[in-house]
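Colleague: The following block contains the structure, expressed as structure tokens.
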Amino acid sequence: QVTGHLDDCTCDVETIDAFNNYKLFPRLNELLESDYFRYYKVNLKKPCPFWNDNSHCGIRDCAVKPCPSDEVPDGIRSGSYKYSEEANSLAEECEETKRLGAVDGSLSEETQQAVLQWTRHDDSSDSFCEADDIYSPDAEYVDLLLNPERYTGYKGPDAWKIWNSIYEENCFKPHNVKRPLASGRGDDGGHMFYKWLKGVCVEKRAFYKLISGLHASINIHLSARYLLQDTWSEKKWGPNVTEFQQRFDEVLTRGEGPRRLKNLYFLYLIELRALSKVLPFFERPGFQLYTGNKSQDAEAKNLLLEILRLAKSFPLHFDENSFFAGNKKEAAKLKEEFRLHFKNISKIMDCVGCFKCRLWGKLQTQGLGTALKILFSQNLIEKIPESGPSYGFQLTRQEIVALFNAFGRL
């Protein structure tokens, strides 16, 4: 049922499927397994800024157990100003943690001096995300390959409250227009909502579709890696078709499911467009994916450039020039609103009770925030000098890792 043309785009589902499945995804998957992209530094201990939340998930699969910092390679801890990370086989304690399905992380040493020259240019005015303070003693490295996004058992009112807060407070939506299948609505199958959505400007419509696409993506991962068997002797994860149908089947969701899946394609197009635009930043000879292993670093950069050039070659890109294109003053005001709404959503991720879900929520919102930052920095990217630092436009290692891993999820 998810087929054909996508609204607000010149593209269709089939073109994206063929391009992604046969060309892009196999290469991207290989890149994400490399040392540079598998470690993400995250602070999972930030308090929820919006409501008092003591409802941390007590389920074992939500847990976080950091690895002792001496097991983290020096390359990761010391040279981060050069985007440095160097992988290392994590010792038995981490293997044990992995077996329990918890989050492996490793506390970083606070090696701040070298990083100052990057942070100095990290202009918060172009940022769409609430940045984690990665120099906080609470920030830790997590190996994303050892902590796949999957269903942990976190559900119910707490999980619902997160999504409800995102949609109701942060999607430009007036309170009297109920979104489809939200609780306590009149039973019009979302008719009023879509009538309202059709009537708002393309930017606000896109904002809603991006959030809906992100929600769909997360729900697909949870359905695809569902806890099917949980006994004392073993745990088994695998596809749960019933769960998937409850969220996306046209009849069970009263026509809503296929729309959600189309929004996932829309999100894919937006992030793909950002990758095609950011090529000049990564093409500079001075830019390296530094882990300390020269041959691996060169291979990773070649693969990265191959992926970005492939993204550029996609025939039916989203035209972001339709965004914020009207009256200059109005457009600037709307763009700022757009940015602050998204920033708020990135803060809400600190309210997610399950730490593993929080990890992937933070990573995917940061990835999308980085994509938006790229799309709205086009004139700065065009001015990047071929050599030397690009002060006008900068991506931190965190943003780079989040951007590619978030796109990998899509």
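Chain labels A, B, ... are given in the sequence in which chains occur in the structure tokens; within each chain residues are numbered consecutively from 1, and ligands are likewise numbered from 1 in the order shown.
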Please return, as number ranges by chain, all residues of range 198-290 of chain A that DSSP assigns to strand (DSSP E) on the basis of the backbone.

Modeller: A: 226-230, 235-238

Colleague: Write out as a list of chain:residue names which residues come within 10 Å of Gly367 in chain A when counting only C-alpha atoms, dropping same-chain ones fewer than 2 positions away.

Modeller: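 Contacts, in chain order: A:Phe128, A:Cys129, A:Glu271, A:Gly361, A:Lys362, A:Leu363, A:Gln364, A:Thr365, A:Gly369, A:Thr370, A:Ala371, A:Leu372, A:Lys373, A:Gln398, A:Glu399, A:Ile400, A:Val401, A:Ala402, A:Leu403, A:Phe404, A:Asn405, A:Ala406, A:Phe407.
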
Colleague: To one decimal place in Å, what is the distance between CA of Glu140 in chain A and CA of Cys354 in chain A?

Modeller: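 So the two atoms, CA of Glu140 in chain A and CA of Cys354 in chain A, lie 16.4 Å apart.
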
Colleague: Let me make sure I understand: among A:Cys11, A:Val278, A:Leu228, A:Leu272, which one has the smallest atom-to-atom distance to Lys383 in chain A if we use only C-alpha atoms?

Modeller: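 Using only C-alpha atoms, Lys383 in chain A sits closest to A:Val278.
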
Colleague: Among the residues of range 210-359 of chain A, find those DSSP assigns to alpha helix (DSSP H) from the backbone and print them as number ranges by chain.

Modeller: A: 210-224, 241-248, 256-277, 279-283, 294-313, 328-348, 355-359

Colleague: Quick one: write out the picked residues with C-alpha atoms as a short mmCIF file (atom, residue, chain, number, x, y, z; two decimals), in the first residue's frame?

Modeller:
data_model
loop_
_atom_site.label_atom_id
_atom_site.label_comp_id
_atom_site.auth_asym_id
_atom_site.auth_seq_id
_atom_site.Cartn_x
_atom_site.Cartn_y
_atom_site.Cartn_z
CA LEU A 210 9.80 14.66 9.69
CA ILE A 211 8.72 13.91 13.26
CA SER A 212 6.16 11.36 12.08
CA GLY A 213 8.82 9.75 9.86
CA LEU A 214 11.22 9.53 12.81
CA HIS A 215 8.47 7.97 14.94
CA ALA A 216 7.72 5.44 12.18
CA SER A 217 11.41 4.59 11.83
CA ILE A 218 11.79 3.92 15.55
CA ASN A 219 8.60 1.80 15.62
CA ILE A 220 9.84 -0.27 12.68
CA HIS A 221 13.14 -1.00 14.46
CA LEU A 222 11.27 -2.05 17.60
CA SER A 223 9.01 -4.36 15.57
CA ALA A 224 11.94 -5.81 13.60
CA VAL A 241 4.65 -9.01 12.42
CA THR A 242 1.66 -8.43 14.71
CA GLU A 243 3.39 -5.47 16.36
CA PHE A 244 4.23 -4.02 12.95
CA GLN A 245 0.64 -4.42 11.73
CA GLN A 246 -0.79 -2.74 14.82
CA ARG A 247 1.28 0.32 14.02
CA PHE A 248 1.10 0.39 10.22
CA GLU A 256 -3.08 6.15 9.16
CA GLY A 257 -0.32 3.49 8.81
CA PRO A 258 0.60 3.97 5.14
CA ARG A 259 0.78 7.75 5.71
CA ARG A 260 3.29 7.17 8.51
CA LEU A 261 5.41 5.00 6.25
CA LYS A 262 5.33 7.63 3.51
CA ASN A 263 6.57 10.15 6.06
CA LEU A 264 9.52 7.83 6.64
CA TYR A 265 10.38 8.19 2.94
CA PHE A 266 10.04 11.95 3.23
CA LEU A 267 12.51 11.95 6.15
CA TYR A 268 14.87 9.78 4.08
CA LEU A 269 14.76 12.32 1.23
CA ILE A 270 15.53 15.24 3.56
CA GLU A 271 18.56 13.49 5.10
CA LEU A 272 19.73 12.25 1.69
CA ARG A 273 19.58 15.83 0.42
CA ALA A 274 21.72 17.00 3.35
CA LEU A 275 24.35 14.33 2.55
CA SER A 276 24.47 15.48 -1.07
CA LYS A 277 24.96 19.10 0.06
CA LEU A 279 30.17 16.90 0.18
CA PRO A 280 32.52 19.97 -0.03
CA PHE A 281 33.10 19.87 3.74
CA PHE A 282 34.34 16.27 3.61
CA GLU A 283 36.15 16.56 0.26
CA LYS A 294 46.26 5.50 8.90
CA SER A 295 45.20 2.88 6.37
CA GLN A 296 41.77 2.39 7.97
CA ASP A 297 41.25 6.15 8.14
CA ALA A 298 42.01 6.54 4.44
CA GLU A 299 39.68 3.66 3.54
CA ALA A 300 36.88 5.11 5.65
CA LYS A 301 37.25 8.53 4.03
CA ASN A 302 37.17 7.01 0.52
CA LEU A 303 34.04 5.07 1.36
CA LEU A 304 32.46 8.17 2.92
CA LEU A 305 33.13 10.24 -0.23
CA GLU A 306 31.78 7.45 -2.41
CA ILE A 307 28.53 7.49 -0.39
CA LEU A 308 28.23 11.29 -0.55
CA ARG A 309 28.86 11.36 -4.32
CA LEU A 310 26.30 8.62 -4.73
CA ALA A 311 23.83 10.70 -2.68
CA LYS A 312 24.55 13.63 -4.99
CA SER A 313 23.77 11.53 -8.05
CA LYS A 328 12.50 37.62 4.11
CA LYS A 329 11.38 38.83 7.53
CA GLU A 330 8.58 36.27 7.83
CA ALA A 331 10.89 33.52 6.56
CA ALA A 332 13.56 34.34 9.15
CA LYS A 333 10.97 34.29 11.93
CA LEU A 334 9.59 30.95 10.75
CA LYS A 335 13.06 29.43 10.44
CA GLU A 336 13.85 30.46 14.01
CA GLU A 337 10.56 28.93 15.22
CA PHE A 338 11.38 25.76 13.31
CA ARG A 339 14.82 25.61 14.94
CA LEU A 340 13.51 26.19 18.47
CA HIS A 341 10.74 23.60 18.09
CA PHE A 342 13.29 21.04 16.99
CA LYS A 343 15.67 22.01 19.77
CA ASN A 344 12.87 21.39 22.25
CA ILE A 345 12.32 17.90 20.84
CA SER A 346 16.02 17.13 21.29
CA LYS A 347 15.65 18.16 24.97
CA ILE A 348 12.62 15.90 25.42
CA PHE A 355 18.41 4.40 28.69
CA LYS A 356 18.88 2.37 25.55
CA CYS A 357 15.86 4.09 23.97
CA ARG A 358 17.25 7.42 25.18
CA LEU A 359 20.59 6.69 23.51
#

Colleague: Identify which of the residues A:Gly4, A:Thr231, A:His191, A:Pro157 lies closest to Ile16 in chain A, counting only C-alpha atoms when measuring atom-to-atom distances.

Modeller: A:Gly4

Colleague: Let me make sure I understand: among A:Gly238, A:Gly292, A:Gly326, A:Pro148, which one has the smallest atom-to-atom distance to Val202 in chain A if we use only C-alpha atoms?

Modeller: A:Gly326
